[in-house]
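Read through the structure below, which is laid out as structure tokens, and then see the notes.
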Amino acid sequence: MGAACGQPAAAVWQALSDYGAAIGLAFQVVDDILDVTQASETLGKTAGKDIDSNKPTYVSVLGLDAARRHAQQLRGQAHAALARSGLAGTALLAVLADKVVERDN
């Protein structure tokens, strides 16, 4: 939202868009991982619900280890996008990408 209000150059906008896409997808990948590795009490929702619903997830398609690697790759893409943006003061956005991937994984 801040970037939209600031009307950045196209290259900066693309880099921030890439960052957002990477952390958004990383959030979903990690959510799928947590669904099979954590208890319902920890998650605050029913664990294993995706498997019970026969829902395709990153874990069911890639496997647990590959899904974890993919989440790490997405974190790297998010960091690279921030670097590409050329903006100063992106440290907290980098921390956000780290936290998305590292949450009880």
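Residue numbering restarts at 1 for every chain of the structure tokens, chains are lettered A, B, ... in their displayed order, and ligands are numbered from 1 as they appear.
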Within 9 Å of stretch 81-96 of chain A using only C-alpha atoms, minus same-chain residues under 2 positions, as a ChimeraX atom specification = /A:11-19,22-23,75-79,98-101
Okay, now the selection with N, CA, C and O atoms, as a JSON list (two decimals), in the first residue's frame?
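Okay, this is what ended up in part.json:
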[["chain", "number", "residue", "atom", "x", "y", "z"],
["A", 11, "ALA", "N", 10.29, -0.07, -12.32],
["A", 11, "ALA", "CA", 11.19, -1.14, -11.87],
["A", 11, "ALA", "C", 11.05, -1.39, -10.37],
["A", 11, "ALA", "O", 11.09, -2.53, -9.92],
["A", 12, "VAL", "N", 10.88, -0.33, -9.61],
["A", 12, "VAL", "CA", 10.69, -0.46, -8.16],
["A", 12, "VAL", "C", 9.35, -1.13, -7.89],
["A", 12, "VAL", "O", 9.25, -2.05, -7.05],
["A", 13, "TRP", "N", 8.33, -0.71, -8.60],
["A", 13, "TRP", "CA", 7.01, -1.30, -8.43],
["A", 13, "TRP", "C", 7.05, -2.80, -8.73],
["A", 13, "TRP", "O", 6.49, -3.61, -8.00],
["A", 14, "GLN", "N", 7.74, -3.19, -9.80],
["A", 14, "GLN", "CA", 7.84, -4.60, -10.18],
["A", 14, "GLN", "C", 8.58, -5.38, -9.10],
["A", 14, "GLN", "O", 8.19, -6.49, -8.74],
["A", 15, "ALA", "N", 9.66, -4.83, -8.58],
["A", 15, "ALA", "CA", 10.43, -5.51, -7.53],
["A", 15, "ALA", "C", 9.57, -5.71, -6.28],
["A", 15, "ALA", "O", 9.56, -6.80, -5.68],
["A", 16, "LEU", "N", 8.82, -4.69, -5.90],
["A", 16, "LEU", "CA", 7.95, -4.83, -4.72],
["A", 16, "LEU", "C", 6.80, -5.79, -4.98],
["A", 16, "LEU", "O", 6.39, -6.53, -4.08],
["A", 17, "SER", "N", 6.30, -5.81, -6.19],
["A", 17, "SER", "CA", 5.27, -6.77, -6.57],
["A", 17, "SER", "C", 5.81, -8.19, -6.49],
["A", 17, "SER", "O", 5.14, -9.10, -5.99],
["A", 18, "ASP", "N", 7.03, -8.39, -6.98],
["A", 18, "ASP", "CA", 7.67, -9.70, -6.92],
["A", 18, "ASP", "C", 7.89, -10.13, -5.47],
["A", 18, "ASP", "O", 7.69, -11.29, -5.12],
["A", 19, "TYR", "N", 8.29, -9.18, -4.63],
["A", 19, "TYR", "CA", 8.46, -9.46, -3.20],
["A", 19, "TYR", "C", 7.13, -9.94, -2.60],
["A", 19, "TYR", "O", 7.08, -10.96, -1.92],
["A", 22, "ALA", "N", 6.19, -13.40, -3.74],
["A", 22, "ALA", "CA", 7.03, -14.44, -3.13],
["A", 22, "ALA", "C", 6.62, -14.72, -1.69],
["A", 22, "ALA", "O", 6.49, -15.87, -1.29],
["A", 23, "ILE", "N", 6.38, -13.67, -0.89],
["A", 23, "ILE", "CA", 6.01, -13.95, 0.51],
["A", 23, "ILE", "C", 4.58, -14.47, 0.61],
["A", 23, "ILE", "O", 4.28, -15.26, 1.50],
["A", 75, "ARG", "N", 11.69, -17.42, -0.02],
["A", 75, "ARG", "CA", 12.28, -16.40, 0.84],
["A", 75, "ARG", "C", 13.45, -15.74, 0.11],
["A", 75, "ARG", "O", 13.60, -14.52, 0.14],
["A", 76, "GLY", "N", 14.27, -16.54, -0.54],
["A", 76, "GLY", "CA", 15.39, -15.99, -1.30],
["A", 76, "GLY", "C", 14.92, -15.06, -2.41],
["A", 76, "GLY", "O", 15.53, -14.01, -2.66],
["A", 77, "GLN", "N", 13.84, -15.44, -3.08],
["A", 77, "GLN", "CA", 13.27, -14.58, -4.13],
["A", 77, "GLN", "C", 12.79, -13.26, -3.55],
["A", 77, "GLN", "O", 12.95, -12.20, -4.17],
["A", 78, "ALA", "N", 12.18, -13.32, -2.37],
["A", 78, "ALA", "CA", 11.70, -12.10, -1.72],
["A", 78, "ALA", "C", 12.87, -11.18, -1.37],
["A", 78, "ALA", "O", 12.83, -9.97, -1.64],
["A", 79, "HIS", "N", 13.93, -11.76, -0.82],
["A", 79, "HIS", "CA", 15.11, -10.96, -0.49],
["A", 79, "HIS", "C", 15.74, -10.37, -1.75],
["A", 79, "HIS", "O", 16.15, -9.19, -1.75],
["A", 98, "ASP", "N", 11.44, -13.52, 6.34],
["A", 98, "ASP", "CA", 12.03, -14.56, 7.18],
["A", 98, "ASP", "C", 11.00, -15.15, 8.14],
["A", 98, "ASP", "O", 10.91, -16.37, 8.29],
["A", 99, "LYS", "N", 10.22, -14.31, 8.77],
["A", 99, "LYS", "CA", 9.23, -14.77, 9.74],
["A", 99, "LYS", "C", 8.14, -15.61, 9.08],
["A", 99, "LYS", "O", 7.65, -16.58, 9.66],
["A", 100, "VAL", "N", 7.74, -15.24, 7.88],
["A", 100, "VAL", "CA", 6.73, -16.01, 7.16],
["A", 100, "VAL", "C", 7.20, -17.44, 6.96],
["A", 100, "VAL", "O", 6.45, -18.40, 7.16],
["A", 101, "VAL", "N", 8.47, -17.60, 6.61],
["A", 101, "VAL", "CA", 9.01, -18.93, 6.32],
["A", 101, "VAL", "C", 9.38, -19.69, 7.60],
["A", 101, "VAL", "O", 9.23, -20.91, 7.66]]
In chain A, DSSP helix (DSSP H, G or I) residues written as number ranges by chain | A: 2-6, 10-37, 40-43, 49-52, 58-62, 64-85, 91-102
Two-atom distance - atom CA of A:Ala80, atom CA of A:Ala97 (Å) |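 A separation of 11.1 Å between them.
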What is the distance, in Å and to one decimal place, between atom CA of A:Asp65 and atom CA of A:Asp50?
->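 For atom CA of A:Asp65 relative to atom CA of A:Asp50, the distance reads 17.6 Å.
When atom CA of A:Gln28 is paired with atom CA of A:Ala10, their separation reads 27.0 Å.
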Contacts of A:Ala71 at 7 Å or less, counting only C-alpha atoms, minus same-chain residues fewer than 5 places along, as an MDAnalysis selection string?
-> chainID A and resid 26 29:30 101
Could you dump the residues just selected with all heavy atoms as a short mmCIF file (atom, residue, chain, number, x, y, z; two decimals), in the first residue's frame?
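The file below, out38.cif, is the result:
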data_model
loop_
_atom_site.label_atom_id
_atom_site.label_comp_id
_atom_site.auth_asym_id
_atom_site.auth_seq_id
_atom_site.Cartn_x
_atom_site.Cartn_y
_atom_site.Cartn_z
N ALA A 26 4.97 -18.08 -0.25
CA ALA A 26 5.69 -18.73 0.85
C ALA A 26 4.75 -18.95 2.04
O ALA A 26 4.81 -20.01 2.68
CB ALA A 26 6.88 -17.88 1.28
N VAL A 29 2.72 -22.05 1.24
CA VAL A 29 3.54 -23.26 1.31
C VAL A 29 3.76 -23.64 2.76
O VAL A 29 3.58 -24.81 3.15
CB VAL A 29 4.88 -23.08 0.57
CG1 VAL A 29 5.80 -24.26 0.81
CG2 VAL A 29 4.66 -22.86 -0.92
N VAL A 30 4.13 -22.67 3.59
CA VAL A 30 4.36 -22.95 5.01
C VAL A 30 3.06 -23.36 5.70
O VAL A 30 3.06 -24.26 6.54
CB VAL A 30 5.04 -21.76 5.71
CG1 VAL A 30 5.12 -21.97 7.21
CG2 VAL A 30 6.43 -21.54 5.13
N VAL A 101 8.47 -17.60 6.61
CA VAL A 101 9.01 -18.93 6.32
C VAL A 101 9.38 -19.69 7.60
O VAL A 101 9.23 -20.91 7.66
CB VAL A 101 10.22 -18.81 5.37
CG1 VAL A 101 10.91 -20.15 5.19
CG2 VAL A 101 9.76 -18.28 4.03
#
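For the residues A:Ala3, A:Glu102, A:His70, A:Gly24, ranking by smallest atom-to-atom distance to A:Tyr58 using only C-alpha atoms places A:His70 first.
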Near A:Lys45, counting only C-alpha atoms, which residues have an atom at most 12 Å away, once you skip same-chain residues fewer than 6 positions from it, shown as a PyMOL selection string?
-> chain A and resi 31+34-36+38-39
With N, CA and C atoms retained, write the just-selected residues as a PDB file, in the first residue's frame.
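Result written to result.pdb:
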ATOM      1  N   ASP A  31       1.958 -22.757   5.331  1.00  0.00           N
ATOM      2  CA  ASP A  31       0.665 -23.153   5.894  1.00  0.00           C
ATOM      3  C   ASP A  31       0.391 -24.630   5.591  1.00  0.00           C
ATOM      4  N   LEU A  34       2.710 -26.700   7.834  1.00  0.00           N
ATOM      5  CA  LEU A  34       2.244 -26.717   9.223  1.00  0.00           C
ATOM      6  C   LEU A  34       1.019 -27.596   9.390  1.00  0.00           C
ATOM      7  N   ASP A  35       0.193 -27.677   8.365  1.00  0.00           N
ATOM      8  CA  ASP A  35      -1.014 -28.497   8.434  1.00  0.00           C
ATOM      9  C   ASP A  35      -0.686 -29.968   8.677  1.00  0.00           C
ATOM     10  N   VAL A  36       0.488 -30.403   8.237  1.00  0.00           N
ATOM     11  CA  VAL A  36       0.863 -31.816   8.435  1.00  0.00           C
ATOM     12  C   VAL A  36       1.900 -32.017   9.537  1.00  0.00           C
ATOM     13  N   GLN A  38       2.070 -29.886  12.577  1.00  0.00           N
ATOM     14  CA  GLN A  38       1.714 -29.295  13.865  1.00  0.00           C
ATOM     15  C   GLN A  38       0.373 -29.819  14.365  1.00  0.00           C
ATOM     16  N   ALA A  39       0.192 -29.744  15.663  1.00  0.00           N
ATOM     17  CA  ALA A  39      -1.069 -30.156  16.293  1.00  0.00           C
ATOM     18  C   ALA A  39      -2.124 -29.063  16.126  1.00  0.00           C
TER      19      ALA A  39
END
